[in-house]
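A.B. asks: The structure's right below; bear with me while I get my questions together.
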Amino acid sequence: MTTITDPHRAEGFRVSQLINDTRYRSYTFQFIALVCLFLAFGWLINNAINNPVLQEVGIDFGYLQAPAGYDINQQPIPYTSQDTHLRASIIGAINTLIVAFLSIVTATIFGVIAGVLRLSNNWIISKLMAVYVEIFRNIPVLIWIIIIFTVAANTFPPISEFRLPRDGSDPDRTLLLGMFAATNQGVFIPRLTFGGMGWIIAATFIASVAGVFGWRAYARKELYEKGRELPVLLPALGILFLPVIVVNLVLGGPMGLENPEMGRFRFEGGFLLRPSLIALWFALSIYTGAFIAENVRAGILAISKGQTEAAAALGLRPGRIMSLVVLPQALRVIIPPLISQYLNITKNTSLAIAVGYMDLTGTLGGITLNQTGRALECIMLLMLFYLTFSLAISAIMNVYNRSVMLKER
Amino acid sequence: MSDAHAHSVAFVRKSEIPPAPPPAAETGAWKWMRENLFSGPFNTIMTVVGVLIVFWLLSGLIPWIVNGTWEGADIRECREITAGTTGGCFAVIAERWPQLLYGFQYPDYLRWRPSLAFALLFVAVPPALFIMFLPRWTLIATAVYPFIAYWLIWGGTILTPVVAALGVVFAYTVFHRVERYGFVPGLAAGFATAFLTWWVGGTIADEFRTFAALEAVESRAMGGFMLNMILGIICVSLSIPIGILLALGRQSRLPIVKGFCVVFIEFVRGVPLITLLFVANVVLAYFLPPESNLDLIVRVVIMITMFSSAYIAEVIRGGLAALPKGQYEAGDSLGLDYAQSMRLIILPQALKISIPGIVNVAVGLFKDTTLVSVISMFDLVGMIRGPILSSTDWVGVYWELWAFACVLFFVVCYGISQYSQWLERQLRTDHR
Amino acid sequence: MKKSVLLGTLTVAGMAAAGASAATLEDVQARGSLNCGVTTGVPGFAEPDADGVWQGFDVAVCRAVAAAVLGDSDAVTFVPTTGKTRFTALASGEIDMLARNTTWTFSRDTDLKFDFVGVNYYDGQGFMVPTDLGVSSATELDGATVCIQTGTTTELNLADYFRVNGMSYEPVPIETGAEAVQQFLAGACDVYTTDRSALAAQRAGFESPDSYMLLPEVVSKEPLGPLVRHGDSEWADIVRWTLNALISAEELGITAGNVEEMAAAAGDNPEINRILGTEGELGSMIGLEADWAKNAIAAVGNYGEIFDQNIGDSTAIGLARGLNAQYTDGGLIYSPPFR
């Protein structure tokens, strides 16, 4: 009675406890799991080590320093075929980022518009949006990419109609406003030129963007502290563009538009949106936009009608009800699925390979892999890039999500 | 007074006036249109724009379909028939539908087999989908289906699927018997039985290759929409159990198990499917013994299953997390061990919550099976991009082919997603 | 291959790593079929016909090897490969040989550890343009948009050619030849470049072949030939000498029609006798039956016959022999002697 011995110490440790005692059983399981894991990986790696081909070829990332030898059409940074495979891969990575960024922006716009309009009272519009969402959601994105690519090549006017005929007569078609041309070799648009003063203007513009945020913060502070409502949109636009215009004038107008001009075969100068970029960008935007529309709709529907009514009872106008009461709450519901849609866009940019857009899958995972034959190394790097990129996006969006989350006490 | 009152009034209505019909502008189509289409200037503009869009779409689509032709042996004949109209050249579908559906290598005299397997799908799937309306024994059809479908599509001796099925049945029986001594021994005994049965049965089946044999068809011969269906169905069915295990592993308190599951899930979800397919295509072979010689289709199934099980695991984890903590505690307080409380209390509820999510993953996965066209497999998209569009007979016929592909995918995916929405309503047991 | 997918998976799952097998010949004989990598479809060279049977110039090499090794030219499993997958398919052992319009280059032979066993087609990269582009020479292509099929040496040659000539161009990389042709026909690129044989083959399939022309420049040497894994010389010998047997057969006048008759008894020409196994022990030296070459020639014909049936003047593709004529006719096709 008086001596309550610890049964554990008294009985000592028995092997059967490893299975029957919950305190130790978890260690047993983990040990078994670990052994299985090691065996499985060991088996895989052992196979790779014993593989006759891999033994001879080895794993070697040295090929990244060798000249790539192929050309890339869309070059965000200068590149020639004599540069290394590494630089070609970096260009591919930047191209991936470009199309991912563009698609994320437009998909969000499409999605929000379609999601809000699908809840509209207007019967035709809401039904049209429902049709849009269902059609695009239920057909593979690869098919959309290829369809848009094919359609761009076959329905846009051929570039030959823009060429100057050799007999000196006028071409069949000319630039729209002298600036734009949609052809089956891409859409040509004017390019902003900075006459060597680019960095000053860029610095001014970045400062202006900061100024816009500053003005918004100030306007909000005035509203909350003094109840004074300041206009936001017009001053913001002013802050955004006026300094750049002033700086441009002060510097003697180095900024200009470089219009595309017809060369021997195609327009030279200006900026070219290639069909592959257009197809990928547009297809990813409308496809993911359909999903985002559903998320937005669900988010708005999740806000109880009482919220709207309460806001109306306070005397808010419909626009303000939306922007001050409904949307901030709906965002909490919308953002988590939105994050995964953004991740999907990022991953789906790898379908660029179907239309020859030179993203990372096209350079590192495509031509470099074909030319060097270093499949293992290329695919490892490729996965590493997407993994890092995906994790980065989800980290950033999670931070944002936390900032709009309901602050519970 | 009352008399005077009565006299002062010339007429007193004794009965109620029958309700007058509302003004014309407040009834029927007019009212509906005014409220739904023209309730304000903005709305009116939207309506006009909407009508214009619908008109534009239909004015392109209807003549294309109505004037289209299903006759003609190649593009030139077809263009002659539709000459002058904007009709489509559906003759390409009429001529090539076997290739679009079955690929170009599946023997044409054997096409009835996958077709039959597809038809049987409508017998096998309803018991699983509408289990609440049908008696439980109908599930036998679902359970037997995979083995029959395998036999029909791949052919070979019937012993192979029979042995595979027997392995499952024996394993389950043994598991049931041994389970009273604990879940883990039961599981181990079940697996051992299954492998033993497959090993013995496999040896026997190898001996009697011609017993009740259908003509064998290689995996390489699979193609067209059939390949999309095969990949989609196999990978989803395989990835649900794996996904459950991964989800449980991620919730587990055992750090090694949990760590492995987290790394696996996050890794797979962080990379595009296409890189995993590249792995299946060009790298996986290095990690398998040289003589294993797995078919490309098997390697692709492995990688797609990995891919979808990670997504399904996340859906199920959501379901597990949505359960109130009381459910876990209830299991503990009844003295159930981990396996029992999971199997009897937690998973049935968690899976029920997760079903719509799983169906969404399944639809997404089915659409993603088209990516195999990038690694030189001839699925529906691969058939269109490769052999059909490159054949000199049908060069330039792309609208019709892609429309056909779109219709096929739309019908399947829309059907499944409508089912999932219906199921969601059925499963909503809270009365809102 | 007979083994079911399910059981195959399970076997593999339970199988421990065994030693690497280098003996491709034994593998092929045990399997009873040859796994041969081909393109996903180039008219005339390798393409499934309407019945799904592979036909073409490269396919014939596969069938010849199968006939030599297994005595059955249909015992071939054709594995379509893309530019990306072909080398790993060969390296990993998925295929036993690759007969896929593959250019013999230094780095492929050495760095990638393959053995090219010979050349069955001497090709060169060329350009095709629409006639109304008004270009008669590749040197006038400065600034043009060029469609390229990726995964070949084509893009490297193209980059070199334009760089050396100080010209710029807009590359449009396309994964498959079929899609490159579509883009070219739609006018989405001004020039289409690949091996001249493929250009000719594809042009033959156009609705109006006369509106397109091949430019005279040949910007690269493209010796195309079958290849095998490095390190299995016995197997390399078999493929090499099967190809040489086809070439010698043309030179010596052995055809699919007369090969049975010639092989029935030793004739006057000792080299013919040695090839057809009526004299000497050449077959056993490479581990095959004495009638290996006879089987190969009987199955697909000699080199000239294969050429004529698949890509020659009488076919839609209509390629002239040119460099691919026998050395006796001024070409480069030349087999080492059988002795």
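Naming scheme: A, B, ... for chains in displayed order of the structure tokens; residues 1 onward per chain; ligands 1 onward as shown.
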Name the residues in contact with stretch 175-181 of chain B at a cut-off of 12 Å, using only C-alpha atoms, excluding same-chain residues fewer than 3 positions from it; report them as a list in words.

C.D. replies: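 Contacts, with the query itself left out: Ile19 and Asn20 of chain A; Gly167, Val168, Val169, Phe170, Ala171, Tyr172, Val184, Pro185, Gly186, Leu187, Ala188, Ala189, Gly190, Phe191, Ala192, Thr193, Ala194, Ala339 and Gln340 of chain B.
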
A.B. asks: Write out the residues from the selection above, keeping all heavy atoms, as a compact mmCIF listing (two decimals), in the first residue's frame.

C.D. replies:
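Written out: again-v3.txt:
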# COMPACT_ATOMS: atom_id res chain seq x y z
N ILE A 19 5.87 -3.55 -29.00
CA ILE A 19 4.67 -3.68 -29.81
C ILE A 19 3.43 -3.34 -29.01
O ILE A 19 2.51 -2.68 -29.51
CB ILE A 19 4.56 -5.11 -30.38
CG1 ILE A 19 5.71 -5.33 -31.36
CG2 ILE A 19 3.22 -5.32 -31.08
CD1 ILE A 19 5.71 -6.67 -32.00
N ASN A 20 3.43 -3.74 -27.73
CA ASN A 20 2.18 -3.63 -26.99
C ASN A 20 2.04 -2.34 -26.19
O ASN A 20 0.93 -1.98 -25.82
CB ASN A 20 2.05 -4.83 -26.05
CG ASN A 20 1.88 -6.11 -26.84
OD1 ASN A 20 1.32 -6.08 -27.92
ND2 ASN A 20 2.38 -7.20 -26.32
N GLY B 167 -6.23 -12.63 -55.14
CA GLY B 167 -5.27 -12.08 -54.18
C GLY B 167 -5.96 -11.08 -53.26
O GLY B 167 -5.81 -11.13 -52.04
N VAL B 168 -6.76 -10.21 -53.86
CA VAL B 168 -7.44 -9.18 -53.06
C VAL B 168 -8.42 -9.84 -52.10
O VAL B 168 -8.48 -9.53 -50.91
CB VAL B 168 -8.14 -8.17 -53.99
CG1 VAL B 168 -8.94 -7.18 -53.17
CG2 VAL B 168 -7.12 -7.46 -54.85
N VAL B 169 -9.20 -10.80 -52.63
CA VAL B 169 -10.23 -11.45 -51.80
C VAL B 169 -9.57 -12.19 -50.64
O VAL B 169 -9.96 -12.04 -49.47
CB VAL B 169 -11.07 -12.42 -52.66
CG1 VAL B 169 -12.00 -13.23 -51.78
CG2 VAL B 169 -11.84 -11.64 -53.69
N PHE B 170 -8.55 -13.01 -50.94
CA PHE B 170 -7.87 -13.76 -49.89
C PHE B 170 -7.29 -12.81 -48.86
O PHE B 170 -7.40 -13.03 -47.66
CB PHE B 170 -6.74 -14.61 -50.48
CG PHE B 170 -7.23 -15.80 -51.26
CD1 PHE B 170 -6.39 -16.52 -52.09
CD2 PHE B 170 -8.56 -16.19 -51.16
CE1 PHE B 170 -6.85 -17.60 -52.81
CE2 PHE B 170 -9.03 -17.27 -51.88
CZ PHE B 170 -8.18 -17.97 -52.71
N ALA B 171 -6.64 -11.77 -49.36
CA ALA B 171 -6.00 -10.83 -48.44
C ALA B 171 -7.04 -10.26 -47.49
O ALA B 171 -6.81 -10.17 -46.28
CB ALA B 171 -5.31 -9.71 -49.22
N TYR B 172 -8.21 -9.93 -48.04
CA TYR B 172 -9.23 -9.33 -47.19
C TYR B 172 -9.73 -10.34 -46.16
O TYR B 172 -9.90 -10.01 -44.98
CB TYR B 172 -10.41 -8.81 -48.03
CG TYR B 172 -11.42 -8.10 -47.20
CD1 TYR B 172 -11.15 -6.83 -46.69
CD2 TYR B 172 -12.62 -8.70 -46.84
CE1 TYR B 172 -12.05 -6.17 -45.90
CE2 TYR B 172 -13.54 -8.05 -46.04
CZ TYR B 172 -13.25 -6.78 -45.58
OH TYR B 172 -14.13 -6.14 -44.77
N VAL B 184 -2.33 -4.10 -37.07
CA VAL B 184 -1.07 -4.20 -37.81
C VAL B 184 -0.77 -5.63 -38.22
O VAL B 184 -0.48 -5.88 -39.41
CB VAL B 184 0.08 -3.58 -37.00
CG1 VAL B 184 1.39 -3.78 -37.72
CG2 VAL B 184 -0.19 -2.13 -36.75
N PRO B 185 -0.87 -6.59 -37.29
CA PRO B 185 -0.64 -7.97 -37.75
C PRO B 185 -1.63 -8.34 -38.84
O PRO B 185 -1.26 -9.03 -39.81
CB PRO B 185 -0.90 -8.80 -36.49
CG PRO B 185 -0.69 -7.88 -35.36
CD PRO B 185 -1.09 -6.52 -35.84
N GLY B 186 -2.87 -7.89 -38.72
CA GLY B 186 -3.86 -8.19 -39.74
C GLY B 186 -3.43 -7.68 -41.10
O GLY B 186 -3.47 -8.40 -42.10
N LEU B 187 -2.96 -6.45 -41.09
CA LEU B 187 -2.53 -5.83 -42.34
C LEU B 187 -1.36 -6.61 -42.95
O LEU B 187 -1.35 -6.93 -44.14
CB LEU B 187 -2.11 -4.39 -42.06
CG LEU B 187 -2.32 -3.39 -43.19
CD1 LEU B 187 -3.78 -3.36 -43.58
CD2 LEU B 187 -1.86 -2.01 -42.74
N ALA B 188 -0.39 -6.93 -42.06
CA ALA B 188 0.79 -7.64 -42.54
C ALA B 188 0.39 -8.98 -43.12
O ALA B 188 0.81 -9.36 -44.22
CB ALA B 188 1.79 -7.82 -41.39
N ALA B 189 -0.49 -9.69 -42.41
CA ALA B 189 -0.91 -11.00 -42.90
C ALA B 189 -1.65 -10.85 -44.21
O ALA B 189 -1.47 -11.64 -45.15
CB ALA B 189 -1.81 -11.66 -41.86
N GLY B 190 -2.47 -9.80 -44.30
CA GLY B 190 -3.21 -9.57 -45.54
C GLY B 190 -2.28 -9.37 -46.71
O GLY B 190 -2.42 -10.00 -47.76
N PHE B 191 -1.29 -8.51 -46.52
CA PHE B 191 -0.34 -8.25 -47.61
C PHE B 191 0.41 -9.51 -47.98
O PHE B 191 0.59 -9.82 -49.17
CB PHE B 191 0.65 -7.15 -47.20
CG PHE B 191 0.15 -5.78 -47.52
CD1 PHE B 191 -0.14 -4.87 -46.53
CD2 PHE B 191 -0.05 -5.41 -48.84
CE1 PHE B 191 -0.61 -3.61 -46.83
CE2 PHE B 191 -0.52 -4.15 -49.16
CZ PHE B 191 -0.81 -3.25 -48.15
N ALA B 192 0.83 -10.24 -46.95
CA ALA B 192 1.58 -11.47 -47.22
C ALA B 192 0.73 -12.42 -48.06
O ALA B 192 1.19 -12.96 -49.07
CB ALA B 192 1.99 -12.13 -45.91
N THR B 193 -0.55 -12.56 -47.67
CA THR B 193 -1.43 -13.46 -48.42
C THR B 193 -1.54 -13.00 -49.86
O THR B 193 -1.45 -13.80 -50.79
CB THR B 193 -2.84 -13.45 -47.80
OG1 THR B 193 -2.70 -13.49 -46.39
CG2 THR B 193 -3.63 -14.62 -48.28
N ALA B 194 -1.75 -11.68 -50.03
CA ALA B 194 -1.93 -11.17 -51.38
C ALA B 194 -0.71 -11.48 -52.24
O ALA B 194 -0.83 -12.02 -53.35
CB ALA B 194 -2.16 -9.66 -51.33
N ALA B 339 -5.99 2.69 -35.20
CA ALA B 339 -6.55 2.14 -36.43
C ALA B 339 -8.07 2.06 -36.33
O ALA B 339 -8.79 2.41 -37.27
CB ALA B 339 -5.97 0.76 -36.67
N GLN B 340 -8.55 1.62 -35.15
CA GLN B 340 -10.00 1.48 -35.02
C GLN B 340 -10.71 2.82 -35.08
O GLN B 340 -11.71 2.98 -35.77
CB GLN B 340 -10.33 0.78 -33.70
CG GLN B 340 -10.00 -0.69 -33.73
CD GLN B 340 -10.08 -1.30 -32.34
OE1 GLN B 340 -9.72 -0.65 -31.36
NE2 GLN B 340 -10.55 -2.53 -32.26

A.B. asks: Based on only C-alpha atoms, which of the residues in chain C come within 8 Å of chain A? I want them as number ranges by chain.

C.D. replies: C: 16-17, 19-20, 83-84, 87-88, 91-92, 111-113, 143-145, 150-153, 155-156, 158-160, 170-175, 183, 186-190

A.B. asks: Report as a list in words all protein, DNA and RNA residues lying within 9 Å of stretch 205-207 of chain B, evaluated on only C-alpha atoms, omitting residues in the same chain fewer than 5 positions from it.

C.D. replies: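 Those residues are Thr157, Ile158, Leu159, Thr160, Val163 and Val200 of chain B; Lys3 of chain C.
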
A.B. asks: Taking only C-alpha atoms into account, produce a table as a Markdown table in which each residue of stretch 79-155 of chain C with an atom at most 7 Å from an atom of stretch 209-220 of chain C appears once, together with its shortest atom pair and the distance in Å to one decimal, ordered by chain and rising number.

C.D. replies:
| residue | atom | partner | partner_atom | distance |
| --- | --- | --- | --- | --- |
| C:Gly124 | CA | C:Ser220 | CA | 5.1 |
| C:Gln125 | CA | C:Ser220 | CA | 5.3 |
| C:Gly126 | CA | C:Val218 | CA | 5.0 |
| C:Phe127 | CA | C:Leu215 | CA | 5.5 |
| C:Met128 | CA | C:Leu214 | CA | 4.4 |
| C:Val129 | CA | C:Met213 | CA | 5.6 |
| C:Pro130 | CA | C:Tyr212 | CA | 4.2 |
| C:Thr131 | CA | C:Tyr212 | CA | 5.1 |
| C:Ser136 | CA | C:Leu215 | CA | 6.3 |
| C:Ser137 | CA | C:Leu215 | CA | 5.7 |
| C:Ala138 | CA | C:Glu217 | CA | 6.3 |

A.B. asks: Write out as a CSV table (one decimal) with N, CA, C and O atoms, in the first residue's frame each polymer residue whose atoms come within 9 Å of stretch 314-331 of chain C, counting only C-alpha atoms; drop sequence neighbours fewer than 3 positions from it.

C.D. replies:
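Saved as result28.csv:
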chain,number,residue,atom,x,y,z
C,43,PRO,N,7.0,11.3,-93.1
C,43,PRO,CA,6.6,10.5,-94.2
C,43,PRO,C,7.8,10.0,-95.0
C,43,PRO,O,8.8,10.7,-95.2
C,44,GLY,N,7.7,8.7,-95.3
C,44,GLY,CA,8.8,8.1,-96.1
C,44,GLY,C,9.8,7.5,-95.2
C,44,GLY,O,10.5,6.5,-95.6
C,120,ASN,N,22.9,5.4,-93.1
C,120,ASN,CA,22.0,4.9,-94.2
C,120,ASN,C,21.4,6.0,-95.0
C,120,ASN,O,20.7,5.7,-96.0
C,121,TYR,N,21.6,7.3,-94.6
C,121,TYR,CA,21.2,8.3,-95.5
C,121,TYR,C,22.1,9.6,-95.3
C,121,TYR,O,22.2,10.0,-94.2
C,122,TYR,N,22.7,10.0,-96.3
C,122,TYR,CA,23.5,11.3,-96.3
C,122,TYR,C,22.6,12.4,-96.5
C,122,TYR,O,22.0,12.6,-97.6
C,123,ASP,N,22.4,13.3,-95.5
C,123,ASP,CA,21.4,14.4,-95.7
C,123,ASP,C,22.1,15.7,-95.4
C,123,ASP,O,23.3,15.7,-95.0
C,197,SER,N,15.8,16.0,-96.9
C,197,SER,CA,15.0,14.8,-97.3
C,197,SER,C,13.6,15.0,-96.7
C,197,SER,O,12.6,14.8,-97.3
C,198,ALA,N,13.5,15.5,-95.4
C,198,ALA,CA,12.2,15.7,-94.8
C,198,ALA,C,11.5,16.9,-95.5
C,198,ALA,O,10.3,16.8,-95.6
C,200,ALA,N,11.6,17.7,-98.6
C,200,ALA,CA,11.1,17.2,-99.8
C,200,ALA,C,9.9,16.3,-99.5
C,200,ALA,O,8.8,16.4,-100.2
C,201,ALA,N,10.0,15.5,-98.5
C,201,ALA,CA,8.9,14.6,-98.2
C,201,ALA,C,7.7,15.4,-97.8
C,201,ALA,O,6.5,15.1,-98.2
C,202,GLN,N,7.9,16.4,-97.0
C,202,GLN,CA,6.7,17.2,-96.5
C,202,GLN,C,6.1,18.0,-97.6
C,202,GLN,O,4.9,18.1,-97.8
C,203,ARG,N,7.0,18.6,-98.5
C,203,ARG,CA,6.5,19.4,-99.6
C,203,ARG,C,5.6,18.5,-100.5
C,203,ARG,O,4.6,19.0,-101.0
C,204,ALA,N,6.0,17.3,-100.7
C,204,ALA,CA,5.2,16.4,-101.5
C,204,ALA,C,3.8,16.3,-101.1
C,204,ALA,O,2.9,16.0,-101.8
C,205,GLY,N,3.6,16.4,-99.7
C,205,GLY,CA,2.2,16.3,-99.2
C,205,GLY,C,1.4,17.5,-99.2
C,205,GLY,O,0.3,17.5,-98.9
C,247,ILE,N,23.6,-2.8,-98.1
C,247,ILE,CA,24.3,-2.0,-99.0
C,247,ILE,C,25.0,-2.9,-100.0
C,247,ILE,O,25.0,-2.7,-101.3
C,250,GLU,N,22.9,-4.5,-102.8
C,250,GLU,CA,22.6,-3.7,-103.9
C,250,GLU,C,23.8,-3.7,-104.9
C,250,GLU,O,23.6,-3.9,-106.1
C,251,GLU,N,25.0,-3.5,-104.3
C,251,GLU,CA,26.2,-3.5,-105.1
C,251,GLU,C,26.4,-4.8,-105.9
C,251,GLU,O,26.7,-4.8,-107.1
C,304,GLY,N,19.0,-0.3,-102.3
C,304,GLY,CA,18.4,0.4,-103.4
C,304,GLY,C,16.9,0.2,-103.4
C,304,GLY,O,16.1,1.1,-103.7
C,307,PHE,N,15.2,2.1,-100.7
C,307,PHE,CA,15.2,3.5,-101.1
C,307,PHE,C,14.1,3.8,-102.1
C,307,PHE,O,13.3,4.7,-101.9
C,308,ASP,N,14.0,3.0,-103.1
C,308,ASP,CA,13.0,3.2,-104.1
C,308,ASP,C,11.6,3.1,-103.6
C,308,ASP,O,10.7,3.8,-104.0
C,309,GLN,N,11.4,2.1,-102.8
C,309,GLN,CA,10.1,1.8,-102.3
C,309,GLN,C,9.5,2.9,-101.4
C,309,GLN,O,8.4,3.2,-101.4
C,310,ASN,N,10.5,3.5,-100.6
C,310,ASN,CA,10.0,4.4,-99.6
C,310,ASN,C,10.1,5.9,-99.9
C,310,ASN,O,9.3,6.7,-99.6
C,311,ILE,N,11.3,6.2,-100.5
C,311,ILE,CA,11.5,7.7,-100.7
C,311,ILE,C,12.0,8.0,-102.1
C,311,ILE,O,12.3,9.1,-102.4
C,334,TYR,N,28.7,3.0,-99.4
C,334,TYR,CA,29.9,2.1,-99.6
C,334,TYR,C,30.0,1.2,-98.4
C,334,TYR,O,30.0,1.6,-97.2

A.B. asks: Using only C-alpha atoms, determine which residues of chain A fall within 8 Å of chain B; present them as a PyMOL selection string.

C.D. replies: chain A and resi 26+30+33-34+44-48+51+54+121-125+128+134-135+138-143+147+150+347-348+350-351+353-354+375-376+379+382-383+386-388+390-391

A.B. asks: Residues of chain B within 9 Å of chain C, counting only C-alpha atoms, what are they? List them as a VMD selection string.

C.D. replies: chain B and resid 76 104 to 108 154 156 160 to 161 164 195 198 to 199 202 206 216 218 to 220 278 281 to 286 288 to 296 298 374 to 377 385 to 387 389 to 393 395 to 396

A.B. asks: Mind checking which residues fall within 6 Å of stretch 320-323 of chain B, counting only C-alpha atoms, ignoring those fewer than 2 positions away in the same chain, and posting them as a PyMOL selection string?

C.D. replies: chain B and resi 317-318+350

A.B. asks: Can I get the selection written as a tab-separated table (two decimals), in the first residue's frame, with N, CA and C atoms?

C.D. replies:
chain	number	residue	atom	x	y	z
B	317	ARG	N	-6.92	15.86	-45.98
B	317	ARG	CA	-6.43	16.53	-44.78
B	317	ARG	C	-7.39	17.65	-44.37
B	318	GLY	N	-7.92	18.35	-45.40
B	318	GLY	CA	-8.91	19.38	-45.10
B	318	GLY	C	-10.11	18.77	-44.39
B	350	ALA	N	-14.66	12.14	-42.35
B	350	ALA	CA	-13.75	13.02	-43.09
B	350	ALA	C	-13.89	12.79	-44.59

A.B. asks: Could you list, as an NGL selection string, every residue within 12 Å of stretch 239-255 of chain A, counting only C-alpha atoms and ignoring same-chain residues fewer than 6 positions away?

C.D. replies: :A and (191-216 or 232-233)
